[in-house]
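The next block holds one structure in the form of structure tokens; read it before the comments.
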Amino acid sequence: MTLPVLAHWIDGAERPSTSGRTSPVFDPALGVATKHVALADRAEVDAAVASAKAAFPGWRDLSITKRQQILFRFRELLNERKEDLALILTSEHGKVLSDALGEITRGLEVVELATGFPHLIKGEYSANVSTGVDVYSTRGPIGVVGIISPFNFPAMVPMWFFPIAIAAGNTVVLKPSEKDPSAANWLAELFTEAGLPDGVFNVLHGDKVAVDGLLEHADVKSISFVGSTPIAKYIYETAARNGKRVQALGGAKNHMLVLPDADLDLAADAAVNAGFGSAGERCMAISVIVAVEPVADDLIEKIATRISALTIGDGRRSCDMGPLVTAAHRDKVASYIDIATEDGARVVVDGRGVEVDGDANGFWLGPTLIDAVPVESRVYTDEIFGPVLSIVRAESYEQGLALINASPYGNGTAIFTNDGGAARRFQNEVEVGMIGINVPIPVPVAYYSFGGFKDSAFGDSKAYGLQGFHFFTREKAITSRWLDPSHGGINLGFPQA
Ligand code: NAD
């Protein structure tokens, strides 16, 4: 059977690829390829960027009211049809339908924030800064912006960026993950239906060739990237070298610190939700629990009990956790269970061979819990990005904090305690960008900004919120004087009054 090939979306319509290169897209719960996705060559990069460049002046100059009305229509359509999009996410990523809907809801929040853009891109005005002279600022778009997104949130991560970029008057080329690319076309088509002019939002499918094409293209003014740390670093350095504005969010290894006074049932629920939701394929997943003694044994027992009640299977059925995204990724994640044993850790729950409510060929790996993980082990140091939760035991708050701060990553962290003073101290002392206090996945709401520290984020701008609006706009400061009959003639110095 010949599988369909997902085309690019350029200039408001599907654009079948001419590169001759494709990549298979799998249904992870069935373990079969359902389509191929085009992989762009340089000519196709040029076509997508040219479309965005041509659309830019018209979109920039469209009145704020008309741009806002299109965003509102997009928001309404997306909300009406989010179940259709959720099904696409589940069939290519594998996450369960309820989680796919949750992802869309978090993306919708950014669309809703973006509808308020007139207020957020207002400039400032100071009258009479010198006699007869006024100074004011405007925030305008930067031009064609590139967005490169990862597989784990095929709808939400693009929506961290494109609603704000488009609201602010920019035009977009989105390069989604080749592992689950269909959501991007669906969103672009929906935006066209909402009235977005052709060329404002383009989807370019591809791999490193497409990414490098965007990084090197003179007409692309900024890059917003989300993905693994080595690629984020490469993107940051290459885009900056090519004179672009760049924000590059990388990988993570998020620790949850459980103090002896914590409510252990709450902590165990949180650990299971945050460790195994979306099969651990979340950049804000908890992957290490630092249990401050004497709580480790009790906590492990409570987590293991909860794991035994989880249902694993096809996300279209009523399950708690779906498969991993590809067979290769599943095998890589599973290999850490052997590494754990070799390194002297204790595998409490082994997810290999888990019983599933789904096709035998799916990319399954059940929730895995590993105790006494040595901090030298790759199980501790690597970002595993799967349903593998490690326990590290600490003797004190200070030892736990030192461990977290020694990590090269600084994306998210959480503390579980009933001591407000300890929580406040943690918030001050921990070197991590997003902190939960008795909240395991502290993803900020849309009107704050998302981003980590250290190897979890390169560049000085976070995603969405006010920082998103700053990233996608540039400020002009205008000094103006309208001459009146009293103007004072030649003066080579700076004005004094
Ligand atoms: P990835 O780095 O493999 O891919 C991300 C994007 O980069 C994709 O579009 C991919 O096509 C492209 N890419 C891959 N290899 C490339 C190369 N050599 N040169 C240029 N481009 C390349 O990441 P992934 O596996 O899709 O996503 C999972 C990773 O993303 C995890 O590390 C996760 O922590 C991270 N992530 C981080 C955040 C965050 O906000 N910090 C959010 C989501 C995911």
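Identifiers in the structure tokens: chain A, B, ... in order shown; residue index from 1 per chain; ligand index from 1 in order shown.
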- Message: ligand 1: which residues are within 7 Å, counting only C-alpha atoms and all ligand atoms? Reply as number ranges by chain.
- Response: A: 148-153, 157, 175-178, 206-208, 211-212, 226-229, 231-232, 249-252, 282-283, 383, 385, 411, 451-452, 456-457
- Which neighbours of range 265-278 of chain A fall inside 10 Å, counting only C-alpha atoms, when residues of the same chain fewer than 6 positions from it are skipped, and could you give them as a ChimeraX atom specification? /A:93-96,99-100,152-153,254,256-259,284-289,298-307,310,315,320-324,366-369,385-390,414-417,438-441
Print the selection's residues with C-alpha atoms to a file, as an mmCIF file, in the first residue's frame.
```
data_model
loop_
_atom_site.group_PDB
_atom_site.id
_atom_site.type_symbol
_atom_site.label_atom_id
_atom_site.label_comp_id
_atom_site.auth_asym_id
_atom_site.auth_seq_id
_atom_site.Cartn_x
_atom_site.Cartn_y
_atom_site.Cartn_z
ATOM 1 C CA HIS A 93 2.497 11.110 19.355
ATOM 2 C CA GLY A 94 0.748 8.383 21.346
ATOM 3 C CA LYS A 95 -0.314 10.458 24.381
ATOM 4 C CA VAL A 96 -3.779 9.629 25.693
ATOM 5 C CA ASP A 99 -3.679 14.608 27.767
ATOM 6 C CA ALA A 100 -3.810 15.675 24.103
ATOM 7 C CA ASN A 152 6.546 16.000 22.458
ATOM 8 C CA PHE A 153 4.055 18.869 22.133
ATOM 9 C CA ASN A 254 13.650 17.914 36.749
ATOM 10 C CA MET A 256 11.291 16.882 43.013
ATOM 11 C CA LEU A 257 12.533 17.452 46.558
ATOM 12 C CA VAL A 258 10.419 15.735 49.212
ATOM 13 C CA LEU A 259 11.069 16.951 52.760
ATOM 14 C CA MET A 284 8.635 19.451 32.670
ATOM 15 C CA ALA A 285 8.247 15.796 33.692
ATOM 16 C CA ILE A 286 9.681 14.884 37.065
ATOM 17 C CA SER A 287 12.467 12.378 36.430
ATOM 18 C CA VAL A 288 14.265 12.395 39.795
ATOM 19 C CA ILE A 289 12.789 12.348 43.273
ATOM 20 C CA ASP A 298 7.408 5.018 52.594
ATOM 21 C CA LEU A 299 7.338 7.175 49.504
ATOM 22 C CA ILE A 300 8.607 4.374 47.259
ATOM 23 C CA GLU A 301 5.927 2.040 48.564
ATOM 24 C CA LYS A 302 3.196 4.578 47.915
ATOM 25 C CA ILE A 303 4.475 5.292 44.395
ATOM 26 C CA ALA A 304 4.796 1.588 43.557
ATOM 27 C CA THR A 305 1.219 0.964 44.746
ATOM 28 C CA ARG A 306 -0.063 3.740 42.522
ATOM 29 C CA ILE A 307 1.943 2.467 39.534
ATOM 30 C CA LEU A 310 -2.138 2.510 36.139
ATOM 31 C CA GLY A 315 -4.508 6.512 23.956
ATOM 32 C CA ASP A 320 -3.710 6.424 31.842
ATOM 33 C CA MET A 321 -0.560 6.220 29.735
ATOM 34 C CA GLY A 322 0.143 5.604 26.058
ATOM 35 C CA PRO A 323 3.147 4.304 24.115
ATOM 36 C CA LEU A 324 6.433 6.072 23.398
ATOM 37 C CA GLY A 366 5.474 0.665 31.272
ATOM 38 C CA PRO A 367 6.178 2.966 34.214
ATOM 39 C CA THR A 368 9.559 2.169 35.754
ATOM 40 C CA LEU A 369 10.737 3.082 39.248
ATOM 41 C CA PHE A 385 12.676 11.389 28.340
ATOM 42 C CA GLY A 386 10.508 8.379 29.084
ATOM 43 C CA PRO A 387 8.545 6.737 31.925
ATOM 44 C CA VAL A 388 11.569 6.096 34.139
ATOM 45 C CA LEU A 389 11.488 7.695 37.573
ATOM 46 C CA SER A 390 14.642 7.691 39.694
ATOM 47 C CA ALA A 414 9.318 21.100 42.773
ATOM 48 C CA ILE A 415 9.452 20.971 46.551
ATOM 49 C CA PHE A 416 6.955 19.031 48.652
ATOM 50 C CA THR A 417 6.720 20.229 52.235
ATOM 51 C CA ASN A 438 3.536 21.273 46.285
ATOM 52 C CA VAL A 439 2.880 21.492 42.524
ATOM 53 C CA PRO A 440 4.818 18.953 40.444
ATOM 54 C CA ILE A 441 4.638 20.477 36.946
#
```
Dump as CSV the rows for residues of range 376-445 of chain A within 7 Å of range 330-347 of chain A: closest atom pair and distance in Å with one decimal, only C-alpha atoms counted, ordered by chain and rising residue number.
```
residue,atom,partner,partner_atom,distance
A:Ser377,CA,A:Asp343,CA,6.2
A:Val379,CA,A:Tyr336,CA,6.0
A:Ile384,CA,A:Val333,CA,6.0
A:Gly386,CA,A:Val333,CA,5.9
```
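Excluding Asn405 in chain A itself and any same-chain residue fewer than 4 positions from it, the protein and nucleic acid residues within 7 Å of it, counting only C-alpha atoms, are Leu401, Val430 and Glu431 of chain A.
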Those same residues - N, CA and C atoms - I'd like them written as a PDB file, in the first residue's frame.
```
ATOM      1  N   LEU A 401      19.269  20.183  47.936  1.00  0.00           N
ATOM      2  CA  LEU A 401      19.394  21.432  47.172  1.00  0.00           C
ATOM      3  C   LEU A 401      20.700  21.442  46.373  1.00  0.00           C
ATOM      4  N   VAL A 430      17.230  27.864  44.927  1.00  0.00           N
ATOM      5  CA  VAL A 430      17.376  26.898  43.834  1.00  0.00           C
ATOM      6  C   VAL A 430      17.626  27.629  42.501  1.00  0.00           C
ATOM      7  N   GLU A 431      18.527  27.061  41.699  1.00  0.00           N
ATOM      8  CA  GLU A 431      18.893  27.722  40.439  1.00  0.00           C
ATOM      9  C   GLU A 431      18.153  27.073  39.271  1.00  0.00           C
TER      10      GLU A 431
END
```
- Atom-to-atom span, CA of Lys35 in chain A and CA of Leu3 in chain A, Å: 5.0 Å
- Length of the CA of Phe201 in chain A to CA of Ser51 in chain A vector [Å]: 9.0 Å
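Across the model, the gap from CA of Val110 in chain A to CA of Ile223 in chain A is 18.5 Å.
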- Message: Neighbouring residues of range 12-14 of chain A were defined as those with any atom within 7 Å, considering only C-alpha atoms; residues of the same chain fewer than 4 positions away were excluded. Please report them as number ranges by chain.
- Response: A: 7-8, 192, 198-199
Can you list, as a short mmCIF file (atom, residue, chain, number, x, y, z; two decimals) with N, CA, C and O atoms, in the first residue's frame, every residue of range 359-390 of chain A that DSSP puts in alpha helix (DSSP H)?
```
data_model
loop_
_atom_site.label_atom_id
_atom_site.label_comp_id
_atom_site.auth_asym_id
_atom_site.auth_seq_id
_atom_site.Cartn_x
_atom_site.Cartn_y
_atom_site.Cartn_z
N ARG A 378 24.52 7.17 34.43
CA ARG A 378 23.86 7.88 33.33
C ARG A 378 22.35 7.92 33.53
O ARG A 378 21.65 8.76 32.94
N VAL A 379 21.84 7.02 34.34
CA VAL A 379 20.39 7.06 34.65
C VAL A 379 20.07 8.39 35.35
O VAL A 379 19.01 8.97 35.15
N TYR A 380 21.04 8.87 36.13
CA TYR A 380 20.83 10.15 36.82
C TYR A 380 21.23 11.34 35.95
O TYR A 380 20.54 12.36 35.91
N THR A 381 22.34 11.20 35.21
CA THR A 381 22.87 12.38 34.52
C THR A 381 22.20 12.65 33.16
O THR A 381 22.10 13.79 32.74
#
```
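All residues of range 63-176 of chain A that DSSP, run on the backbone, classes as strand (DSSP E) are A:Tyr125, A:Ser126, A:Ala127, A:Asn128, A:Val129, A:Ser130, A:Val133, A:Asp134, A:Val135, A:Tyr136, A:Ser137, A:Thr138, A:Arg139, A:Gly140, A:Pro141, A:Val144, A:Val145, A:Gly146, A:Ile147, A:Ile148, A:Thr171, A:Val172, A:Val173, A:Leu174, A:Lys175.
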- Name the residues in contact with Ala155 in chain A at a cut-off of 10 Å, using only C-alpha atoms, excluding same-chain residues fewer than 4 positions from it; report them as a list of chain:residue names. A:Leu85, A:Ala86, A:Ile88, A:Leu89, A:Ala100, A:Glu103, A:Ile104, A:Thr105, A:Arg106, A:Gly107, A:Leu108, A:Ser149, A:Pro150, A:Phe151, A:Met159, A:Trp160, A:Pro176, A:Asp180, A:Pro181, A:Ser182, A:Ala183, A:Ala184, A:Trp186, A:Leu187
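Of the listed residues A:Glu237, A:Ala394, A:Ile437, A:Gln68, the one whose atoms come nearest to Gly421 in chain A is A:Ile437, with distances taken using only C-alpha atoms.
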- Pick from A:Leu215, A:Arg317, A:Tyr234, A:Ala327 nearest to Leu87 in chain A, counting only C-alpha atoms: A:Arg317
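Closest to Ser23 in chain A among A:Ala402, A:Val145, A:Asp61, A:His205 is A:His205, based on only C-alpha atoms.
Ranking A:Gln496, A:Asn79, A:Asn242, A:Thr171 by their shortest atom-to-atom distance to Leu190 in chain A, with only C-alpha atoms included, puts A:Asn79 first.
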- For Glu124 in chain A: contacts at 8 Å, only C-alpha atoms, fewer than 3 positions along chain excluded, given as a list of chain:residue names: A:Tyr136, A:Ser137, A:Thr138
So that I have them on file, write out the residues from the current selection with C-alpha atoms, as an mmCIF file, in the first residue's frame.
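As written to disk, again-v5.cif reads:
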```cif
data_model
loop_
_atom_site.group_PDB
_atom_site.id
_atom_site.type_symbol
_atom_site.label_atom_id
_atom_site.label_comp_id
_atom_site.auth_asym_id
_atom_site.auth_seq_id
_atom_site.Cartn_x
_atom_site.Cartn_y
_atom_site.Cartn_z
ATOM 1 C CA TYR A 136 7.624 58.272 22.078
ATOM 2 C CA SER A 137 8.112 54.618 21.294
ATOM 3 C CA THR A 138 6.321 52.090 19.128
#
```
- Do you know which residues are at most 7 Å from Val220 in chain A counting only C-alpha atoms, after dropping those on the same chain fewer than 5 positions away, and could you put them as a ChimeraX atom specification? /A:144-146,214
Dump as a PDB file, in the first residue's frame, selection limited to N, CA and C atoms:
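What landed in part.pdb:
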```pdb
ATOM      1  N   VAL A 144       9.946  38.149   9.079  1.00  0.00           N
ATOM      2  CA  VAL A 144       9.703  36.704   8.963  1.00  0.00           C
ATOM      3  C   VAL A 144      10.360  36.011  10.149  1.00  0.00           C
ATOM      4  N   VAL A 145       9.591  35.234  10.910  1.00  0.00           N
ATOM      5  CA  VAL A 145      10.166  34.536  12.070  1.00  0.00           C
ATOM      6  C   VAL A 145      10.104  33.026  11.853  1.00  0.00           C
ATOM      7  N   GLY A 146      11.152  32.343  12.296  1.00  0.00           N
ATOM      8  CA  GLY A 146      11.219  30.885  12.175  1.00  0.00           C
ATOM      9  C   GLY A 146      10.933  30.239  13.518  1.00  0.00           C
ATOM     10  N   LEU A 214      16.719  27.594   7.373  1.00  0.00           N
ATOM     11  CA  LEU A 214      16.122  28.728   8.097  1.00  0.00           C
ATOM     12  C   LEU A 214      17.192  29.505   8.862  1.00  0.00           C
TER      13      LEU A 214
END
```
